[in-house]
$ cat query34.txt   # compact mmCIF, C-alpha atoms
# COMPACT_ATOMS: atom_id res chain seq x y z
CA MET Z 836 65.99 93.48 84.94
CA LYS Z 837 69.75 93.04 84.56
CA HIS Z 838 71.23 91.80 81.32
CA ARG Z 839 72.29 88.20 81.94
CA ILE Z 840 75.67 87.23 80.50
CA VAL Z 841 76.59 83.56 80.82
CA VAL Z 842 80.09 82.26 80.05
CA LEU Z 843 80.42 78.55 79.37
CA GLY Z 844 83.85 77.24 80.33
CA ALA Z 845 86.59 78.70 82.53
CA GLY Z 846 89.66 77.93 80.48
CA TYR Z 847 92.00 80.57 79.09
CA ALA Z 848 89.33 82.17 76.88
CA GLY Z 849 86.35 81.95 79.22
CA THR Z 850 88.18 83.24 82.29
CA TYR Z 851 89.64 86.16 80.37
CA VAL Z 852 86.32 87.19 78.85
CA ALA Z 853 84.39 86.92 82.13
CA GLY Z 854 86.95 88.97 84.06
CA THR Z 855 87.20 91.67 81.41
CA LEU Z 856 83.43 92.00 81.11
CA ALA Z 857 83.16 92.33 84.89
CA ARG Z 858 85.64 95.19 84.84
CA ARG Z 859 84.11 97.06 81.92
CA LEU Z 860 80.35 96.69 82.48
CA SER Z 861 78.38 98.23 85.31
CA PRO Z 862 76.96 95.65 87.77
CA THR Z 863 73.89 97.87 87.94
CA ASP Z 864 72.91 96.73 84.46
CA ALA Z 865 74.64 93.38 83.92
CA GLU Z 866 75.22 90.15 85.83
CA ILE Z 867 77.88 87.67 84.76
CA THR Z 868 77.78 83.94 85.48
CA VAL Z 869 80.55 81.46 84.66
CA VAL Z 870 79.60 77.80 84.35
CA ASN Z 871 82.42 75.27 84.69
CA ALA Z 872 82.48 71.59 85.60
CA GLU Z 873 85.69 71.75 87.66
CA PRO Z 874 86.36 74.04 90.66
CA ASP Z 875 89.89 74.98 89.59
CA PHE Z 876 91.58 76.62 86.63
CA VAL Z 877 93.40 74.06 84.51
CA GLN Z 878 96.69 75.08 82.93
CA ARG Z 879 96.10 73.00 79.86
CA LEU Z 880 99.37 74.13 78.31
CA ARG Z 881 101.21 72.38 81.14
CA LEU Z 882 99.25 69.15 81.49
CA HIS Z 883 102.02 67.16 79.84
CA GLN Z 884 104.26 68.33 82.69
CA LEU Z 885 101.68 67.22 85.24
CA ALA Z 886 101.47 63.80 83.60
CA ALA Z 887 105.25 63.48 83.60
CA GLY Z 888 105.32 63.91 87.38
CA GLN Z 889 105.76 67.63 87.97
CA GLU Z 890 103.55 69.82 90.14
CA ILE Z 891 101.68 72.68 88.47
CA GLU Z 892 99.43 75.28 90.01
CA ALA Z 893 95.66 74.93 89.81
CA PRO Z 894 94.08 78.12 91.23
CA GLN Z 895 90.59 77.76 92.64
CA LEU Z 896 88.09 79.57 90.42
CA ALA Z 897 86.30 80.86 93.52
CA ASP Z 898 89.53 82.67 94.43
CA VAL Z 899 90.14 83.82 90.85
CA PHE Z 900 86.71 85.49 90.66
CA ALA Z 901 86.64 86.73 94.26
CA GLY Z 902 85.76 90.41 94.41
CA THR Z 903 84.80 90.66 90.74
CA GLY Z 904 81.05 90.23 91.16
CA ILE Z 905 81.14 87.20 88.86
CA ARG Z 906 78.91 84.30 89.85
CA LEU Z 907 80.47 80.86 89.60
CA ARG Z 908 78.25 77.85 88.89
CA LEU Z 909 80.05 74.53 89.24
CA ALA Z 910 78.11 72.27 86.92
CA ARG Z 911 78.42 70.22 83.77
CA ILE Z 912 76.73 71.71 80.70
CA THR Z 913 74.44 69.12 79.14
CA ALA Z 914 72.63 71.16 76.48
CA VAL Z 915 72.33 74.58 74.88
CA ASP Z 916 69.00 75.85 73.56
CA PRO Z 917 69.68 79.10 71.67
CA GLU Z 918 66.05 79.45 70.60
CA ARG Z 919 64.83 79.62 74.21
CA GLN Z 920 68.12 81.21 75.36
CA VAL Z 921 68.73 78.69 78.11
CA ILE Z 922 71.39 76.12 78.93
CA ALA Z 923 70.83 72.87 80.80
CA VAL Z 924 73.28 71.90 83.53
CA ALA Z 925 73.86 68.95 85.83
CA ASP Z 926 75.40 69.27 89.29
CA ALA Z 927 75.33 67.69 92.73
CA ASP Z 928 71.86 69.12 93.32
CA GLY Z 929 70.42 67.65 90.15
CA GLY Z 930 70.97 70.66 87.90
CA GLY Z 931 68.37 72.58 85.95
CA GLU Z 932 68.24 75.40 83.43
CA LEU Z 933 70.03 78.73 83.32
CA GLY Z 934 68.72 81.57 81.18
CA TYR Z 935 70.84 84.14 79.38
CA ASP Z 936 70.59 87.26 77.26
CA THR Z 937 74.15 87.00 75.93
CA LEU Z 938 76.08 83.73 75.85
CA LEU Z 939 79.85 83.30 75.48
CA TYR Z 940 80.61 79.72 74.46
CA ALA Z 941 84.17 78.70 75.40
CA LEU Z 942 84.04 75.00 76.19
CA GLY Z 943 87.36 74.28 74.48
CA SER Z 944 88.27 70.92 72.98
CA HIS Z 945 88.97 67.33 73.92
CA ILE Z 946 90.77 64.35 72.45
CA ALA Z 947 89.66 63.13 69.00
CA ASP Z 948 89.98 59.40 68.38
CA HIS Z 949 89.18 59.69 64.65
CA GLY Z 950 87.25 56.45 64.90
CA VAL Z 951 90.34 54.41 65.76
CA PRO Z 952 89.23 51.34 67.77
CA GLY Z 953 90.50 51.08 71.32
CA VAL Z 954 91.49 54.71 71.89
CA ALA Z 955 88.72 55.40 74.41
CA GLU Z 956 89.25 52.09 76.22
CA HIS Z 957 93.04 51.80 76.30
CA ALA Z 958 94.76 55.12 75.53
CA PHE Z 959 95.71 57.93 77.91
CA ASN Z 960 95.62 61.63 77.02
CA VAL Z 961 96.60 65.03 78.42
CA THR Z 962 93.58 67.16 77.46
CA GLY Z 963 92.21 67.42 81.01
CA ARG Z 964 93.56 67.39 84.54
CA PRO Z 965 91.89 64.08 85.52
CA SER Z 966 93.22 62.32 82.42
CA ALA Z 967 96.71 63.75 82.93
CA LEU Z 968 96.71 62.53 86.53
CA CYS Z 969 95.55 59.11 85.34
CA LEU Z 970 98.53 58.94 82.99
CA ARG Z 971 100.82 60.12 85.77
CA GLU Z 972 99.63 57.28 88.00
CA ARG Z 973 100.35 54.79 85.22
CA LEU Z 974 103.85 56.21 84.66
CA ASP Z 975 104.50 56.04 88.41
CA SER Z 976 103.54 52.38 88.34
CA LEU Z 977 105.86 51.68 85.39
CA SER Z 978 108.74 53.55 87.03
CA ARG Z 979 108.47 51.37 90.13
CA ARG Z 980 108.92 48.16 88.14
CA ASP Z 981 112.31 46.52 87.83
CA GLU Z 982 112.12 46.14 84.06
CA THR Z 983 111.98 49.07 81.63
CA GLY Z 984 108.46 50.15 80.75
CA SER Z 985 107.49 51.31 77.27
CA VAL Z 986 105.50 54.47 76.54
CA LEU Z 987 104.05 55.07 73.09
CA VAL Z 988 102.99 58.62 72.16
CA VAL Z 989 100.76 58.68 69.09
CA GLY Z 990 100.63 62.01 67.29
CA ASP Z 991 103.36 64.36 66.09
CA GLY Z 992 101.64 67.69 66.67
CA LEU Z 993 102.80 70.11 69.34
CA THR Z 994 101.06 68.19 72.12
CA GLY Z 995 102.63 64.91 71.06
CA ILE Z 996 106.11 66.41 70.81
CA GLU Z 997 105.88 68.14 74.19
CA THR Z 998 104.43 65.05 75.88
CA ALA Z 999 107.06 62.68 74.51
CA THR Z 1000 110.00 64.92 75.37
CA GLU Z 1001 108.66 65.75 78.83
CA ILE Z 1002 108.15 62.10 79.75
CA ALA Z 1003 111.54 61.09 78.34
CA GLU Z 1004 113.32 63.79 80.35
CA SER Z 1005 111.37 63.31 83.59
CA ARG Z 1006 111.29 59.50 83.42
CA PRO Z 1007 114.67 58.42 81.99
CA GLY Z 1008 114.02 54.82 83.03
CA LEU Z 1009 111.14 54.49 80.58
CA SER Z 1010 111.43 53.75 76.87
CA VAL Z 1011 109.57 56.43 74.88
CA THR Z 1012 108.48 56.11 71.25
CA LEU Z 1013 106.87 58.91 69.25
CA VAL Z 1014 104.68 57.81 66.34
CA ALA Z 1015 104.43 60.42 63.56
CA ARG Z 1016 101.92 60.08 60.75
CA GLY Z 1017 104.19 62.07 58.45
CA GLU Z 1018 107.59 63.68 58.82
CA LEU Z 1019 108.33 64.75 62.38
CA GLY Z 1020 108.04 68.53 62.69
CA ALA Z 1021 106.91 68.97 59.09
CA PRO Z 1022 105.38 72.46 59.68
CA LEU Z 1023 108.68 73.75 61.12
CA SER Z 1024 111.61 75.30 59.28
CA ALA Z 1025 114.49 73.05 58.25
CA GLY Z 1026 116.65 74.28 61.12
CA ALA Z 1027 113.90 73.77 63.68
CA ARG Z 1028 113.21 70.26 62.38
CA SER Z 1029 116.89 69.41 62.77
CA HIS Z 1030 116.86 70.82 66.30
CA LEU Z 1031 113.81 68.71 67.14
CA ARG Z 1032 115.41 65.52 65.88
CA GLN Z 1033 118.57 66.25 67.87
CA ALA Z 1034 116.47 66.77 70.99
CA CYS Z 1035 114.71 63.42 70.47
CA ASP Z 1036 118.06 61.71 69.98
CA ARG Z 1037 119.47 63.34 73.10
CA LEU Z 1038 116.48 62.20 75.17
CA GLY Z 1039 116.56 58.69 73.72
CA ILE Z 1040 113.17 58.97 72.02
CA ASN Z 1041 112.55 56.48 69.24
CA VAL Z 1042 110.76 58.29 66.38
CA LEU Z 1043 108.65 56.33 63.90
CA GLN Z 1044 107.78 58.52 60.91
CA HIS Z 1045 105.15 57.90 58.22
CA THR Z 1046 103.37 55.46 60.51
CA SER Z 1047 99.58 55.25 60.77
CA VAL Z 1048 97.87 53.65 63.77
CA GLU Z 1049 94.77 51.58 63.07
CA ALA Z 1050 93.94 50.21 66.53
CA VAL Z 1051 94.94 50.55 70.17
CA GLU Z 1052 94.94 47.53 72.44
CA ALA Z 1053 95.76 47.14 76.13
CA THR Z 1054 99.42 46.24 75.60
CA ARG Z 1055 100.12 47.16 71.99
CA VAL Z 1056 99.29 49.39 69.04
CA LEU Z 1057 98.49 48.02 65.58
CA CYS Z 1058 99.80 49.95 62.58
CA ALA Z 1059 98.49 50.14 59.01
CA ASP Z 1060 101.49 48.24 57.66
CA GLY Z 1061 100.75 45.29 59.94
CA THR Z 1062 103.35 46.18 62.56
CA ALA Z 1063 102.43 45.64 66.20
CA LEU Z 1064 104.15 47.98 68.66
CA ALA Z 1065 104.34 46.87 72.29
CA SER Z 1066 103.19 49.52 74.76
CA ASP Z 1067 102.73 49.62 78.53
CA ALA Z 1068 101.15 53.07 78.25
CA THR Z 1069 99.78 54.53 75.00
CA VAL Z 1070 99.26 58.31 74.98
CA TRP Z 1071 96.91 59.57 72.27
CA THR Z 1072 97.63 63.09 71.02
CA ALA Z 1073 96.53 62.68 67.39
CA GLY Z 1074 94.10 65.57 67.14
CA PHE Z 1075 91.35 67.37 69.02
CA ALA Z 1076 87.59 67.72 68.75
CA VAL Z 1077 85.09 70.16 70.21
CA ASN Z 1078 82.07 69.46 72.36
CA PRO Z 1079 79.03 68.40 70.25
CA ILE Z 1080 76.63 70.44 72.41
CA ALA Z 1081 76.70 73.45 70.07
CA ALA Z 1082 75.76 71.37 67.04
CA ALA Z 1083 73.05 69.53 68.98
CA GLY Z 1084 71.56 72.87 70.02
CA GLY Z 1085 71.11 74.04 66.44
CA LEU Z 1086 73.97 76.54 66.21
CA GLU Z 1087 75.65 76.72 62.83
CA VAL Z 1088 78.87 74.75 63.11
CA THR Z 1089 81.62 73.39 60.89
CA GLU Z 1090 82.02 69.72 60.10
CA ASN Z 1091 84.14 69.26 63.24
CA GLY Z 1092 81.61 71.08 65.45
CA GLN Z 1093 83.22 74.50 65.83
CA ILE Z 1094 80.77 77.41 65.98
CA VAL Z 1095 80.87 79.52 62.81
CA VAL Z 1096 81.35 83.15 63.84
CA ASP Z 1097 81.64 86.50 62.10
CA ARG Z 1098 84.60 88.87 62.50
CA THR Z 1099 83.38 89.91 65.96
CA MET Z 1100 83.10 86.30 67.24
CA ARG Z 1101 79.30 86.34 67.10
CA SER Z 1102 77.50 83.24 65.88
CA VAL Z 1103 76.32 83.68 62.30
CA SER Z 1104 73.10 81.83 63.13
CA HIS Z 1105 72.27 83.17 66.61
CA PRO Z 1106 73.29 86.81 67.30
CA ASN Z 1107 73.08 86.48 71.11
CA VAL Z 1108 75.76 83.79 71.12
CA TYR Z 1109 79.49 84.43 70.90
CA ALA Z 1110 82.31 81.89 70.81
CA ALA Z 1111 85.99 82.07 71.69
CA GLY Z 1112 88.94 79.72 71.89
CA ASP Z 1113 88.91 76.24 70.39
CA SER Z 1114 85.09 76.31 70.12
CA ALA Z 1115 85.14 79.10 67.54
CA TYR Z 1116 85.71 78.78 63.81
CA ALA Z 1117 87.29 82.18 63.30
CA ILE Z 1118 89.03 83.51 60.20
CA GLY Z 1119 92.23 85.36 61.01
CA ASP Z 1120 93.53 88.53 59.44
CA ASN Z 1121 95.46 86.42 56.92
CA GLY Z 1122 92.23 84.87 55.62
CA ARG Z 1123 92.93 81.47 57.18
CA PRO Z 1124 91.11 79.76 60.06
CA LEU Z 1125 92.83 80.31 63.40
CA PRO Z 1126 94.26 77.06 64.80
CA MET Z 1127 93.22 75.65 68.15
CA SER Z 1128 95.74 77.20 70.53
CA CYS Z 1129 96.18 79.37 73.61
CA ALA Z 1130 97.17 82.28 71.38
CA SER Z 1131 93.93 81.96 69.41
CA ALA Z 1132 92.00 81.86 72.69
CA GLY Z 1133 93.54 85.21 73.61
CA TYR Z 1134 92.80 86.91 70.31
CA THR Z 1135 89.26 85.55 69.91
CA GLY Z 1136 88.49 86.24 73.57
CA ARG Z 1137 89.64 89.84 73.23
CA GLN Z 1138 87.53 90.38 70.11
CA ALA Z 1139 84.44 88.76 71.66
CA THR Z 1140 84.79 90.87 74.80
CA ASP Z 1141 85.14 94.12 72.91
CA ALA Z 1142 82.18 93.30 70.66
CA ILE Z 1143 79.93 92.36 73.58
CA VAL Z 1144 80.77 95.52 75.54
CA ARG Z 1145 80.36 97.83 72.58
CA ARG Z 1146 77.09 96.29 71.40
CA LEU Z 1147 75.54 96.35 74.84
CA THR Z 1148 76.60 99.95 75.42
CA GLY Z 1149 75.44 101.16 72.02
CA ARG Z 1150 78.87 101.96 70.58
CA GLU Z 1151 80.45 101.22 67.21
CA ILE Z 1152 82.20 97.86 66.94
CA ALA Z 1153 85.93 97.82 66.26
CA ASN Z 1154 87.94 94.89 64.95
CA THR Z 1155 90.78 93.76 67.17
CA LYS Z 1156 93.79 91.84 65.90
CA LEU Z 1157 93.28 88.22 64.85
CA GLU Z 1158 96.57 86.54 64.03
CA TYR Z 1159 98.67 83.49 64.73
CA PRO Z 1160 102.30 84.54 65.25
CA GLY Z 1161 103.88 81.11 65.61
CA ASN Z 1162 104.59 78.05 67.74
CA HIS Z 1163 106.27 77.83 71.13
CA ILE Z 1164 107.31 74.23 71.75
CA SER Z 1165 108.84 72.94 74.97
CA LEU Z 1166 111.28 70.03 74.69
CA GLY Z 1167 111.54 69.22 78.38
CA ARG Z 1168 112.48 71.86 80.92
CA ARG Z 1169 115.77 73.03 79.40
CA ASP Z 1170 115.14 73.04 75.67
CA GLY Z 1171 112.56 74.36 73.27
CA ILE Z 1172 111.73 75.80 69.87
CA LEU Z 1173 110.25 79.19 69.05
CA GLN Z 1174 109.08 79.10 65.44
CA MET Z 1175 107.46 82.22 63.99
CA VAL Z 1176 105.27 82.03 60.88
CA ASP Z 1177 104.56 84.42 58.02
CA ASP Z 1178 101.24 85.87 56.85
CA GLU Z 1179 100.50 82.64 54.98
CA GLY Z 1180 101.00 80.56 58.10
CA GLN Z 1181 104.28 79.10 56.80
CA ALA Z 1182 107.34 78.75 59.01
CA LYS Z 1183 109.92 81.51 58.66
CA PRO Z 1184 113.47 80.29 57.97
CA LYS Z 1185 114.88 81.48 61.31
CA TYR Z 1186 113.93 80.01 64.68
CA VAL Z 1187 115.02 80.24 68.31
CA GLY Z 1188 116.06 77.02 70.03
CA GLY Z 1189 117.64 75.69 73.20
CA ARG Z 1190 117.51 77.24 76.65
CA LYS Z 1191 116.49 80.66 75.33
CA ALA Z 1192 113.38 79.21 73.70
CA ALA Z 1193 112.65 77.24 76.89
CA ARG Z 1194 112.85 80.43 78.97
CA ILE Z 1195 110.54 82.26 76.55
CA LYS Z 1196 107.99 79.43 76.72
CA ALA Z 1197 108.21 79.35 80.54
CA GLY Z 1198 107.65 83.11 80.61
CA ILE Z 1199 104.57 82.81 78.40
CA LEU Z 1200 103.13 80.12 80.68
CA LYS Z 1201 103.83 82.17 83.78
CA MET Z 1202 102.27 85.26 82.25
CA SER Z 1203 99.19 83.29 81.13
CA LEU Z 1204 98.64 81.92 84.64
CA TRP Z 1205 99.10 85.31 86.27
CA ALA Z 1206 96.70 86.99 83.84
CA THR Z 1207 94.11 84.29 84.48
CA SER Z 1208 94.52 84.54 88.26
CA HIS Z 1209 94.04 88.33 88.07
CA PRO Z 1210 91.25 88.64 85.49
CA THR Z 1211 90.45 92.30 86.11
CA PHE Z 1212 93.95 93.68 86.60
CA GLY Z 1213 95.10 96.55 84.42
CA LEU Z 1214 91.75 97.20 82.75
CA PRO Z 1215 89.93 100.55 82.74
CA LYS Z 1216 88.22 101.19 86.05
CA ARG Z 1217 85.31 102.94 84.41
CA LYS Z 1218 82.30 100.62 84.23
CA HIS Z 1219 80.05 101.33 81.25
CA ARG Z 1220 76.30 101.48 81.61
CA LEU Z 1221 74.27 99.47 79.13
CA ALA Z 1222 72.19 101.12 76.46
CA ALA Z 1223 68.50 101.35 77.30
CA ALA Z 1224 67.61 98.63 74.81
CA PRO Z 1225 70.75 97.10 73.27
CA ASP Z 1226 70.09 95.64 69.85
CA ALA Z 1227 72.21 92.56 69.22
CA SER Z 1228 71.77 92.73 65.46
CA ALA Z 1229 71.68 96.40 64.52
CA GLU Z 1230 75.34 97.41 64.83
CA LYS Z 1231 77.90 96.77 62.15
CA ALA Z 1232 81.54 95.96 62.63
CA VAL Z 1233 84.07 98.44 61.31
CA ALA Z 1234 87.29 97.38 59.64
$ encode --input "query34.txt" --output "structure tokens"
Amino acid sequence: MKHRIVVLGAGYAGTYVAGTLARRLSPTDAEITVVNAEPDFVQRLRLHQLAAGQEIEAPQLADVFAGTGIRLRLARITAVDPERQVIAVADADGGGELGYDTLLYALGSHIADHGVPGVAEHAFNVTGRPSALCLRERLDSLSRRDETGSVLVVGDGLTGIETATEIAESRPGLSVTLVARGELGAPLSAGARSHLRQACDRLGINVLQHTSVEAVEATRVLCADGTALASDATVWTAGFAVNPIAAAGGLEVTENGQIVVDRTMRSVSHPNVYAAGDSAYAIGDNGRPLPMSCASAGYTGRQATDAIVRRLTGREIANTKLEYPGNHISLGRRDGILQMVDDEGQAKPKYVGGRKAARIKAGILKMSLWATSHPTFGLPKRKHRLAAAPDASAEKAVA
């Protein structure tokens, strides 16, 4: 019987891992199935652009995996049972169960409301293609009105900054306000913070710093200091959460639901389960948890892939690089910030800004899409046969 590898999620991490495994493992011994709710690959890094009114590519996963031998199951994952080694899915045919021998969990993250009333009912977000399109429809409606519409972006992380600047540039007729819980761009260097403020001023973005939101209503946002901010469209970008399925299935997770993994991305509680991307609580080479990001998806996906291949083929496990080099922030289509960080995760004094940073960010996005659309390109053509009886717990990682 073939070794069944199931990959949950076809985002940046899941697509990369599935394609690489297909190239490196012999189909004689292993079968790979990818389970994803949507039929297309979502460029999550560009969903703020989609919401602002721009067109972005969404390759069909059937085309992405064509010729790789990977099986694609379009279904929503409803449960994971690591004791029985099965997952439960729901699809147009009613769903069922899917068994596995090795599981790669890469379901990513979604918006976190932090218990703030009204977020689910009244706020928009850009964490998925449907939600981004919903926001786009609302912005279209506001742009068609005679009077100026107001857009309130809550959250001063990278997603909030990129969303606010993209909307302000693409929809100059709308009034955009960015609500920051602390100082805008606090993790950036002094020069990068100044550049960010200048960009907001240039785009006409009203920035409210040190402002905490306590409730979201249909036409306004209520702040902790009693202020009520009028809003025709509130966009919530104040944090992310992971799917609770892993915790419900009994996997060891952190307080926020991320799967606790060892240095090779293997679950510390269930050795046949690996995690990558936002779903994984992975400690980087600097001793700090890797942040939720596309870069982390790449590093954790590469380590998980290498560990799975080497364990199944009976070879010694090697540690691949796990680092977070910095932040690439787009400020509309013609401006940006490239902020590198040191080994402690602190911003380095120098940064790259302006059109050069925007071109670098655009290049990264283009490269990420191409790599995802060609999941087996450039990898060794030799397909490894599996060991006669691979032991998921016997091998040890090497430093």
$ atom_distance --input "query34.txt" --atom1 "CA of Ser944 in chain Z" --atom2 "CA of Asn960 in chain Z"
12.5 Å
$ residues_around --input "query34.txt" --residues "Gln889 in chain Z" --least-positions-apart "6" --cutoff "12 Å" --atoms "all atoms listed in the file" --output "list in words"
Arg881, Leu882, His883, Ala967, Leu968, Arg971, Asp975, Glu1001, Ile1002, Glu1004, Ser1005, Arg1006, Gly1167 and Arg1168 of chain Z
$ closest_residue --input "query34.txt" --among "Z:Val1096, Z:Ala1142, Z:Ile1164, Z:Ala914" --to "Ala1034 in chain Z" --atoms "all atoms listed in the file"
Z:Ile1164
$ closest_residue --input "query34.txt" --among "Z:Gly1180, Z:Gly1084, Z:Gly1092, Z:Gly984" --to "Asp916 in chain Z" --atoms "only C-alpha atoms"
Z:Gly1084
$ closest_atom_pairs --input "query34.txt" --of "range 930-955 of chain Z" --to "range 1052-1069 of chain Z" --cutoff "12 Å" --atoms "all atoms listed in the file" --output "CSV"
residue,atom,partner,partner_atom,distance
Z:Val951,CA,Z:Leu1057,CA,10.4
Z:Pro952,CA,Z:Glu1052,CA,8.3
Z:Gly953,CA,Z:Glu1052,CA,5.8
Z:Val954,CA,Z:Glu1052,CA,8.0
Z:Ala955,CA,Z:Glu1052,CA,10.2
$ write_last_selection --input "query34.txt" --atoms "C-alpha atoms" --output "PDB file, keeping the file's coordinate frame"
ATOM      1  CA  VAL Z 951      90.340  54.410  65.760  1.00  0.00           C
ATOM      2  CA  PRO Z 952      89.230  51.340  67.770  1.00  0.00           C
ATOM      3  CA  GLY Z 953      90.500  51.080  71.320  1.00  0.00           C
ATOM      4  CA  VAL Z 954      91.490  54.710  71.890  1.00  0.00           C
ATOM      5  CA  ALA Z 955      88.720  55.400  74.410  1.00  0.00           C
TER       6      ALA Z 955
END
$ closest_residue --input "query34.txt" --among "Z:Leu1147, Z:Leu856, Z:Leu1157, Z:Ala910" --to "Asp1120 in chain Z" --atoms "only C-alpha atoms"
Z:Leu1157
$ residues_around --input "query34.txt" --residues "Ile891 in chain Z" --least-positions-apart "4" --cutoff "12 Å" --atoms "all atoms listed in the file" --output "JSON, numbers by chain"
{"Z": [876, 877, 878, 879, 880, 881, 882, 883, 884, 885, 886, 887, 964, 967, 968, 1200, 1201, 1204]}
$ write_last_selection --input "query34.txt" --atoms "C-alpha atoms" --output "PDB file, in the frame of the given file"
ATOM      1  CA  PHE Z 876      91.580  76.620  86.630  1.00  0.00           C
ATOM      2  CA  VAL Z 877      93.400  74.060  84.510  1.00  0.00           C
ATOM      3  CA  GLN Z 878      96.690  75.080  82.930  1.00  0.00           C
ATOM      4  CA  ARG Z 879      96.100  73.000  79.860  1.00  0.00           C
ATOM      5  CA  LEU Z 880      99.370  74.130  78.310  1.00  0.00           C
ATOM      6  CA  ARG Z 881     101.210  72.380  81.140  1.00  0.00           C
ATOM      7  CA  LEU Z 882      99.250  69.150  81.490  1.00  0.00           C
ATOM      8  CA  HIS Z 883     102.020  67.160  79.840  1.00  0.00           C
ATOM      9  CA  GLN Z 884     104.260  68.330  82.690  1.00  0.00           C
ATOM     10  CA  LEU Z 885     101.680  67.220  85.240  1.00  0.00           C
ATOM     11  CA  ALA Z 886     101.470  63.800  83.600  1.00  0.00           C
ATOM     12  CA  ALA Z 887     105.250  63.480  83.600  1.00  0.00           C
ATOM     13  CA  ARG Z 964      93.560  67.390  84.540  1.00  0.00           C
ATOM     14  CA  ALA Z 967      96.710  63.750  82.930  1.00  0.00           C
ATOM     15  CA  LEU Z 968      96.710  62.530  86.530  1.00  0.00           C
ATOM     16  CA  LEU Z1200     103.130  80.120  80.680  1.00  0.00           C
ATOM     17  CA  LYS Z1201     103.830  82.170  83.780  1.00  0.00           C
ATOM     18  CA  LEU Z1204      98.640  81.920  84.640  1.00  0.00           C
TER      19      LEU Z1204
END
$ closest_residue --input "query34.txt" --among "Z:Arg1220, Z:His1209, Z:Arg1146, Z:Arg1016" --to "Gly854 in chain Z" --atoms "all atoms listed in the file"
Z:His1209
$ closest_residue --input "query34.txt" --among "Z:Ala1110, Z:Leu939, Z:Ala897, Z:Ala1182" --to "Gly1020 in chain Z" --atoms "all atoms listed in the file"
Z:Ala1182
$ atom_distance --input "query34.txt" --atom1 "CA of Ser1165 in chain Z" --atom2 "CA of Glu890 in chain Z"
16.4 Å
$ atom_distance --input "query34.txt" --atom1 "CA of Val924 in chain Z" --atom2 "CA of Ala1132 in chain Z"
23.8 Å
$ residues_around --input "query34.txt" --residues "Ala1025 in chain Z" --least-positions-apart "2" --cutoff "12 Å" --atoms "only C-alpha atoms" --output "PyMOL selection string"
chain Z and resi 1018-1023+1027-1032+1174+1181-1186
$ closest_residue --input "query34.txt" --among "Z:Ala872, Z:Met1127, Z:Leu1086, Z:Val1077" --to "His945 in chain Z" --atoms "all atoms listed in the file"
Z:Val1077
$ residues_around --input "query34.txt" --residues "Val1070 in chain Z" --least-positions-apart "6" --cutoff "6 Å" --atoms "only C-alpha atoms" --output "list in words"
Ala958, Phe959, Asn960 and Val988 of chain Z
$ residues_near_point --input "query34.txt" --point "(91.9, 93.8, 69.5)" --cutoff "6 Å" --atoms "only C-alpha atoms" --output "PDB file with C-alpha atoms, keeping the file's coordinate frame"
ATOM      1  CA  ARG Z1137      89.640  89.840  73.230  1.00  0.00           C
ATOM      2  CA  GLN Z1138      87.530  90.380  70.110  1.00  0.00           C
ATOM      3  CA  THR Z1155      90.780  93.760  67.170  1.00  0.00           C
ATOM      4  CA  LYS Z1156      93.790  91.840  65.900  1.00  0.00           C
TER       5      LYS Z1156
END
$ residues_near_point --input "query34.txt" --point "(66.9, 77.5, 73.2)" --cutoff "12 Å" --atoms "only C-alpha atoms" --output "number ranges by chain"
Z: 914-923, 932-936, 938, 1081, 1083-1086, 1105, 1107-1108
$ residues_around --input "query34.txt" --residues "Ala1076 in chain Z" --least-positions-apart "3" --cutoff "9 Å" --atoms "only C-alpha atoms" --output "PDB file with C-alpha atoms, in the coordinates of the input"
ATOM      1  CA  GLY Z 943      87.360  74.280  74.480  1.00  0.00           C
ATOM      2  CA  SER Z 944      88.270  70.920  72.980  1.00  0.00           C
ATOM      3  CA  HIS Z 945      88.970  67.330  73.920  1.00  0.00           C
ATOM      4  CA  ILE Z 946      90.770  64.350  72.450  1.00  0.00           C
ATOM      5  CA  ALA Z 947      89.660  63.130  69.000  1.00  0.00           C
ATOM      6  CA  ASP Z 948      89.980  59.400  68.380  1.00  0.00           C
ATOM      7  CA  PRO Z1079      79.030  68.400  70.250  1.00  0.00           C
ATOM      8  CA  ASN Z1091      84.140  69.260  63.240  1.00  0.00           C
ATOM      9  CA  GLY Z1092      81.610  71.080  65.450  1.00  0.00           C
ATOM     10  CA  GLN Z1093      83.220  74.500  65.830  1.00  0.00           C
ATOM     11  CA  ASP Z1113      88.910  76.240  70.390  1.00  0.00           C
TER      12      ASP Z1113
END
$ decode --input "query34.txt" --residues "range 944-949 of chain Z" --atoms "N, CA and C atoms" --output "mmCIF file, in the first residue's frame"
data_model
loop_
_atom_site.group_PDB
_atom_site.id
_atom_site.type_symbol
_atom_site.label_atom_id
_atom_site.label_comp_id
_atom_site.auth_asym_id
_atom_site.auth_seq_id
_atom_site.Cartn_x
_atom_site.Cartn_y
_atom_site.Cartn_z
ATOM 1 N N SER Z 944 -4.265 31.362 8.514
ATOM 2 C CA SER Z 944 -4.906 32.137 9.572
ATOM 3 C C SER Z 944 -6.060 32.951 9.010
ATOM 4 N N HIS Z 945 -6.852 33.492 9.931
ATOM 5 C CA HIS Z 945 -7.978 34.337 9.552
ATOM 6 C C HIS Z 945 -8.048 35.512 10.519
ATOM 7 N N ILE Z 946 -9.003 36.370 10.299
ATOM 8 C CA ILE Z 946 -9.107 37.573 11.117
ATOM 9 C C ILE Z 946 -9.417 37.228 12.572
ATOM 10 N N ALA Z 947 -8.824 37.975 13.495
ATOM 11 C CA ALA Z 947 -9.088 37.812 14.929
ATOM 12 C C ALA Z 947 -9.822 39.044 15.432
ATOM 13 N N ASP Z 948 -10.998 38.851 15.997
ATOM 14 C CA ASP Z 948 -11.765 40.017 16.469
ATOM 15 C C ASP Z 948 -11.445 40.404 17.900
ATOM 16 N N HIS Z 949 -10.675 39.555 18.606
ATOM 17 C CA HIS Z 949 -10.258 39.832 19.987
ATOM 18 C C HIS Z 949 -11.450 40.118 20.904
#
